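Chemist: One structure is given below, represented as structure tokens, and several questions about it will come after.
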Amino acid sequence: MDPLSAMRNRPGGCRMRRHAGAWGRAACAMALCIVAGSPVVRAQAPADEPETARRHAMVEAIRGRSGLRIDPRILDAMTDVPRHAFVPPAQRPYAYANRPLPIGRGQTISQPYIVALMTQLAAPQPSHRVLEVGTGSGYQAAILSRLAGQVYSIEIIESLAAKAAQRLRAYPNVRTRVGDGYYGWPQAGPFDAIVVTAAAGNVPPPLIAQLKPGGRMVIPVGTSFFTQQLLLVTKDARGRVTTRSVLPVTFVPLTGGH
């Protein structure tokens, strides 16, 4: 109920007793004017209210999917991070659809469910140091920032890296740089988790070397002309590496001089 209706309906509100006289009627009219015109008490709709509603609907759709149960922490992060701020203006009407979107230079932002799934598989924790290969728009890094202690993200395309770095200023535990992600970020490693957002022909040995014992890497592997496999790569306490295929996916190829 709005404040004006509340005042009208409240017993003893602006339905003044008859013996209050002209002074009472004037005071009531003044109170109504203040309530109706004051910007302090008038409810204002948030500027991004439609996007907020669409973001909640996106998260509920992910929550309702059968199969792998997504950690509520990840869903909370996806509720907090405005995906529409990480896509070009022409794509904003589609920002919360469950599909990849173009972000320029032949690159895409992954569909929300795949972002949630890859984050789930990487299992970032508040104490973790996480590497992302392929910053793209910056959206995956922003999600990881809500879940991990430190996030390091590499992008090989300078123009995309510059835009992503600007967007990610709002996420102080994210560091970005331009570089060939195939070789990782050895100065910042080793990492508890590595998330690769482009398809490699094989699991890059430099990334395996930068993965901590007990760490997890999520990476699509395959050629750009056929369906790839999303792999979960784990390293045990002795440094032994195992891989598991999770599901078929289609990603843009990992580029660079390798």
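Lettering and numbering for the structure tokens are positional, with chains as A, B, ... in the shown order, residues counted from 1 in each chain, and ligands counted from 1 in the shown order.
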Tell me, as number ranges by chain, which residues lie within 6 Å of Pro190 of chain A, counting only C-alpha atoms; anything in the same chain fewer than 2 positions away does not count.

Modeler: A: 210-212

Chemist: What parts of segment 21-211 of chain A does DSSP call helix (DSSP H, G or I)? I'd like the answer as a ChimeraX atom specification.

Modeler: /A:21-37,49-63,72-80,83-86,89-94,112-122,139-145,158-170,181-183,205-209

Chemist: Can you pull out every residue within 8 Å of Pro100 of chain A, counting only C-alpha atoms, but drop anything in the same chain fewer than 4 positions away, and send it as a PyMOL selection string?

Modeler: chain A and resi 108-112

Chemist: Residues at most 9 Å from segment 75-91 of chain A, counting only C-alpha atoms, excluding those fewer than 2 positions away in the same chain, as an MDAnalysis selection string?

Modeler: chainID A and resid 51:52 55:56 58:60 62:63 70:73 93:96 101:104 109 112 116 137:139 142:147 164 167

Chemist: Taking only C-alpha atoms into account, which of A:Val133, A:Gly256, A:Thr223, A:Leu232 comes nearest Leu117 of chain A?

Modeler: A:Leu232

Chemist: Give me, as a list in words, all polymer residues having an atom no more than 7 Å from segment 173-177 of chain A, counting only C-alpha atoms and skipping those fewer than 5 positions away in the same chain.

Modeler: Ser145, Gly149, Gln150, Val151, Tyr152, Ser153, Ile154, Glu155, Ala165 and Leu168 of chain A

Chemist: Using only C-alpha atoms, which residues sit within 6 Å of Ile194 of chain A once same-chain residues fewer than 4 positions away are excluded, as a ChimeraX atom specification?

Modeler: /A:130-132,217

Chemist: Can you write just those residues out, C-alpha atoms, as an mmCIF file, in the first residue's frame?

Modeler:
```cif
data_model
loop_
_atom_site.group_PDB
_atom_site.id
_atom_site.type_symbol
_atom_site.label_atom_id
_atom_site.label_comp_id
_atom_site.auth_asym_id
_atom_site.auth_seq_id
_atom_site.Cartn_x
_atom_site.Cartn_y
_atom_site.Cartn_z
ATOM 1 C CA VAL A 130 41.492 -19.178 -10.048
ATOM 2 C CA LEU A 131 42.765 -18.743 -13.599
ATOM 3 C CA GLU A 132 40.419 -18.027 -16.482
ATOM 4 C CA MET A 217 40.450 -27.593 -14.648
#
```

Chemist: With distances taken over only C-alpha atoms, which residue among A:Val233, A:Ile208, A:Val203, A:Val221 lies nearest Gly189 of chain A?

Modeler: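 With only C-alpha atoms as the atom set, the closest residue is A:Ile208.
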
Chemist: Under the rule that only C-alpha atoms are counted, which of A:Pro172, A:Gly257, A:Ala188, A:Ile74 is the nearest residue to Met118 of chain A?

Modeler: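 With only C-alpha atoms as the atom set, the closest residue is A:Ile74.
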
Chemist: What is the distance between atom CA of Leu231 of chain A and atom CA of Pro204 of chain A, in Å to one decimal?

Modeler: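 Computed distance, atom CA of Leu231 of chain A to atom CA of Pro204 of chain A, equals 12.4 Å.
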